[in-house]
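Trainee: The structure follows.
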Amino acid sequence: MDCRVTIAENESFRGMVLDCLRNHQRAEIIYDHNGLTRAGGMVVSVTGEGKAEMVTLDSGETVAMAEIVAVNGVFADDYAGC
């Protein structure tokens, strides 16, 4: 049986992404934008607020924070079976 690590109730992907930014660590992200997509790299910035909050990676990719379903192998409960 395959199992995934899921995000704790007191954690958020926003917090995990900001930790990657502060600690200069790579972020491997899976996001759901009309289907699951992967993005990875160093977090350059987090801009906007609420549903408009965006994560920009050094690869030039931008990801809506609200669409993130996994960061560095930690998944949202709804996507634990991916």
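Each chain in the structure tokens gets a letter, A, B and so on, in the order shown; residues start at 1 in every chain, and ligands are counted from 1 in the order they appear.
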I'd like the contact shell of range 16-25 of chain A - 7 Å cut-off, only C-alpha atoms, skipping same-chain residues fewer than 6 positions apart - returned as an MDAnalysis selection string.

Mentor: chainID A and resid 42:44

Trainee: Using DSSP assignments from the backbone, pull out every residue in chain A that falls under strand (DSSP E) and give it to me as an MDAnalysis selection string.

Mentor: chainID A and resid 5:6 26:32 36:47 54:57 62:64 68:71 74:75

Trainee: Generate a file of the selected residues that holds N, CA and C atoms, formatted as an mmCIF file, in the first residue's frame.

Mentor:
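Now in part10.cif:
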```cif
data_model
loop_
_atom_site.group_PDB
_atom_site.id
_atom_site.type_symbol
_atom_site.label_atom_id
_atom_site.label_comp_id
_atom_site.auth_asym_id
_atom_site.auth_seq_id
_atom_site.Cartn_x
_atom_site.Cartn_y
_atom_site.Cartn_z
ATOM 1 N N VAL A 5 2.633 11.518 3.171
ATOM 2 C CA VAL A 5 2.658 12.391 4.335
ATOM 3 C C VAL A 5 1.717 13.544 4.025
ATOM 4 N N THR A 6 0.820 13.851 4.966
ATOM 5 C CA THR A 6 -0.111 14.952 4.746
ATOM 6 C C THR A 6 0.194 16.102 5.694
ATOM 7 N N ARG A 26 15.174 24.653 -1.799
ATOM 8 C CA ARG A 26 14.395 24.338 -2.982
ATOM 9 C C ARG A 26 12.974 23.935 -2.587
ATOM 10 N N ALA A 27 12.008 24.318 -3.393
ATOM 11 C CA ALA A 27 10.611 23.922 -3.182
ATOM 12 C C ALA A 27 10.159 23.096 -4.379
ATOM 13 N N GLU A 28 9.758 21.876 -4.112
ATOM 14 C CA GLU A 28 9.163 21.015 -5.135
ATOM 15 C C GLU A 28 7.662 21.070 -4.903
ATOM 16 N N ILE A 29 6.940 21.620 -5.861
ATOM 17 C CA ILE A 29 5.520 21.927 -5.693
ATOM 18 C C ILE A 29 4.693 21.126 -6.689
ATOM 19 N N ILE A 30 3.561 20.623 -6.221
ATOM 20 C CA ILE A 30 2.542 20.093 -7.112
ATOM 21 C C ILE A 30 1.330 20.984 -6.916
ATOM 22 N N TYR A 31 0.772 21.445 -8.022
ATOM 23 C CA TYR A 31 -0.400 22.303 -7.933
ATOM 24 C C TYR A 31 -1.473 21.816 -8.903
ATOM 25 N N ASP A 32 -2.706 22.188 -8.610
ATOM 26 C CA ASP A 32 -3.852 21.751 -9.396
ATOM 27 C C ASP A 32 -4.434 22.940 -10.151
ATOM 28 N N LEU A 36 -3.112 18.151 -12.360
ATOM 29 C CA LEU A 36 -1.923 18.288 -11.520
ATOM 30 C C LEU A 36 -0.689 18.609 -12.362
ATOM 31 N N THR A 37 0.094 19.558 -11.871
ATOM 32 C CA THR A 37 1.300 20.014 -12.550
ATOM 33 C C THR A 37 2.414 20.151 -11.525
ATOM 34 N N ARG A 38 3.631 19.872 -11.951
ATOM 35 C CA ARG A 38 4.796 20.014 -11.066
ATOM 36 C C ARG A 38 5.550 21.297 -11.393
ATOM 37 N N ALA A 39 6.108 21.881 -10.352
ATOM 38 C CA ALA A 39 7.005 23.035 -10.504
ATOM 39 C C ALA A 39 8.066 22.902 -9.418
ATOM 40 N N GLY A 40 9.265 23.335 -9.716
ATOM 41 C CA GLY A 40 10.311 23.220 -8.710
ATOM 42 C C GLY A 40 11.391 24.257 -8.895
ATOM 43 N N GLY A 41 11.987 24.646 -7.787
ATOM 44 C CA GLY A 41 13.087 25.589 -7.824
ATOM 45 C C GLY A 41 13.173 26.358 -6.528
ATOM 46 N N MET A 42 14.042 27.350 -6.535
ATOM 47 C CA MET A 42 14.182 28.223 -5.378
ATOM 48 C C MET A 42 13.056 29.241 -5.414
ATOM 49 N N VAL A 43 12.453 29.500 -4.255
ATOM 50 C CA VAL A 43 11.380 30.485 -4.175
ATOM 51 C C VAL A 43 12.024 31.868 -4.212
ATOM 52 N N VAL A 44 11.610 32.667 -5.193
ATOM 53 C CA VAL A 44 12.141 34.016 -5.362
ATOM 54 C C VAL A 44 11.275 35.027 -4.619
ATOM 55 N N SER A 45 9.948 34.837 -4.690
ATOM 56 C CA SER A 45 9.055 35.775 -4.013
ATOM 57 C C SER A 45 7.687 35.165 -3.797
ATOM 58 N N VAL A 46 6.982 35.750 -2.827
ATOM 59 C CA VAL A 46 5.578 35.449 -2.572
ATOM 60 C C VAL A 46 4.884 36.803 -2.561
ATOM 61 N N THR A 47 3.958 36.993 -3.494
ATOM 62 C CA THR A 47 3.301 38.289 -3.646
ATOM 63 C C THR A 47 1.786 38.138 -3.633
ATOM 64 N N MET A 54 0.663 34.685 -5.050
ATOM 65 C CA MET A 54 1.423 33.939 -6.045
ATOM 66 C C MET A 54 2.827 33.641 -5.546
ATOM 67 N N VAL A 55 3.332 32.483 -5.927
ATOM 68 C CA VAL A 55 4.701 32.059 -5.618
ATOM 69 C C VAL A 55 5.489 32.104 -6.928
ATOM 70 N N THR A 56 6.630 32.765 -6.905
ATOM 71 C CA THR A 56 7.492 32.816 -8.085
ATOM 72 C C THR A 56 8.766 32.041 -7.781
ATOM 73 N N LEU A 57 9.126 31.146 -8.712
ATOM 74 C CA LEU A 57 10.332 30.329 -8.575
ATOM 75 C C LEU A 57 11.430 30.866 -9.473
ATOM 76 N N THR A 62 5.320 30.751 -12.096
ATOM 77 C CA THR A 62 4.523 31.324 -11.017
ATOM 78 C C THR A 62 3.374 30.364 -10.737
ATOM 79 N N VAL A 63 3.074 30.209 -9.454
ATOM 80 C CA VAL A 63 2.050 29.277 -9.008
ATOM 81 C C VAL A 63 1.140 30.007 -8.033
ATOM 82 N N ALA A 64 -0.157 29.848 -8.217
ATOM 83 C CA ALA A 64 -1.113 30.418 -7.267
ATOM 84 C C ALA A 64 -1.044 29.618 -5.974
ATOM 85 N N ILE A 68 -1.838 25.114 -4.706
ATOM 86 C CA ILE A 68 -0.806 24.177 -4.250
ATOM 87 C C ILE A 68 -1.446 23.023 -3.478
ATOM 88 N N VAL A 69 -1.075 21.796 -3.858
ATOM 89 C CA VAL A 69 -1.599 20.606 -3.188
ATOM 90 C C VAL A 69 -0.489 19.794 -2.519
ATOM 91 N N ALA A 70 0.783 20.165 -2.799
ATOM 92 C CA ALA A 70 1.902 19.479 -2.148
ATOM 93 C C ALA A 70 3.161 20.341 -2.241
ATOM 94 N N VAL A 71 3.945 20.301 -1.174
ATOM 95 C CA VAL A 71 5.246 20.969 -1.151
ATOM 96 C C VAL A 71 6.247 20.001 -0.533
ATOM 97 N N VAL A 74 4.959 16.766 1.022
ATOM 98 C CA VAL A 74 3.878 16.852 2.002
ATOM 99 C C VAL A 74 2.626 17.273 1.248
ATOM 100 N N PHE A 75 1.571 16.452 1.342
ATOM 101 C CA PHE A 75 0.369 16.635 0.545
ATOM 102 C C PHE A 75 -0.805 17.154 1.362
#
```

Trainee: Please identify all polymer residues within 10 Å of Lys51 in chain A, counting only C-alpha atoms, omitting same-chain residues fewer than 6 positions from it, and present them as a ChimeraX atom specification.

Mentor: /A:64-67

Trainee: May I have all residues of chain A that DSSP, computed from the backbone, assigns to alpha helix (DSSP H), given as a ChimeraX atom specification?

Mentor: /A:13-23
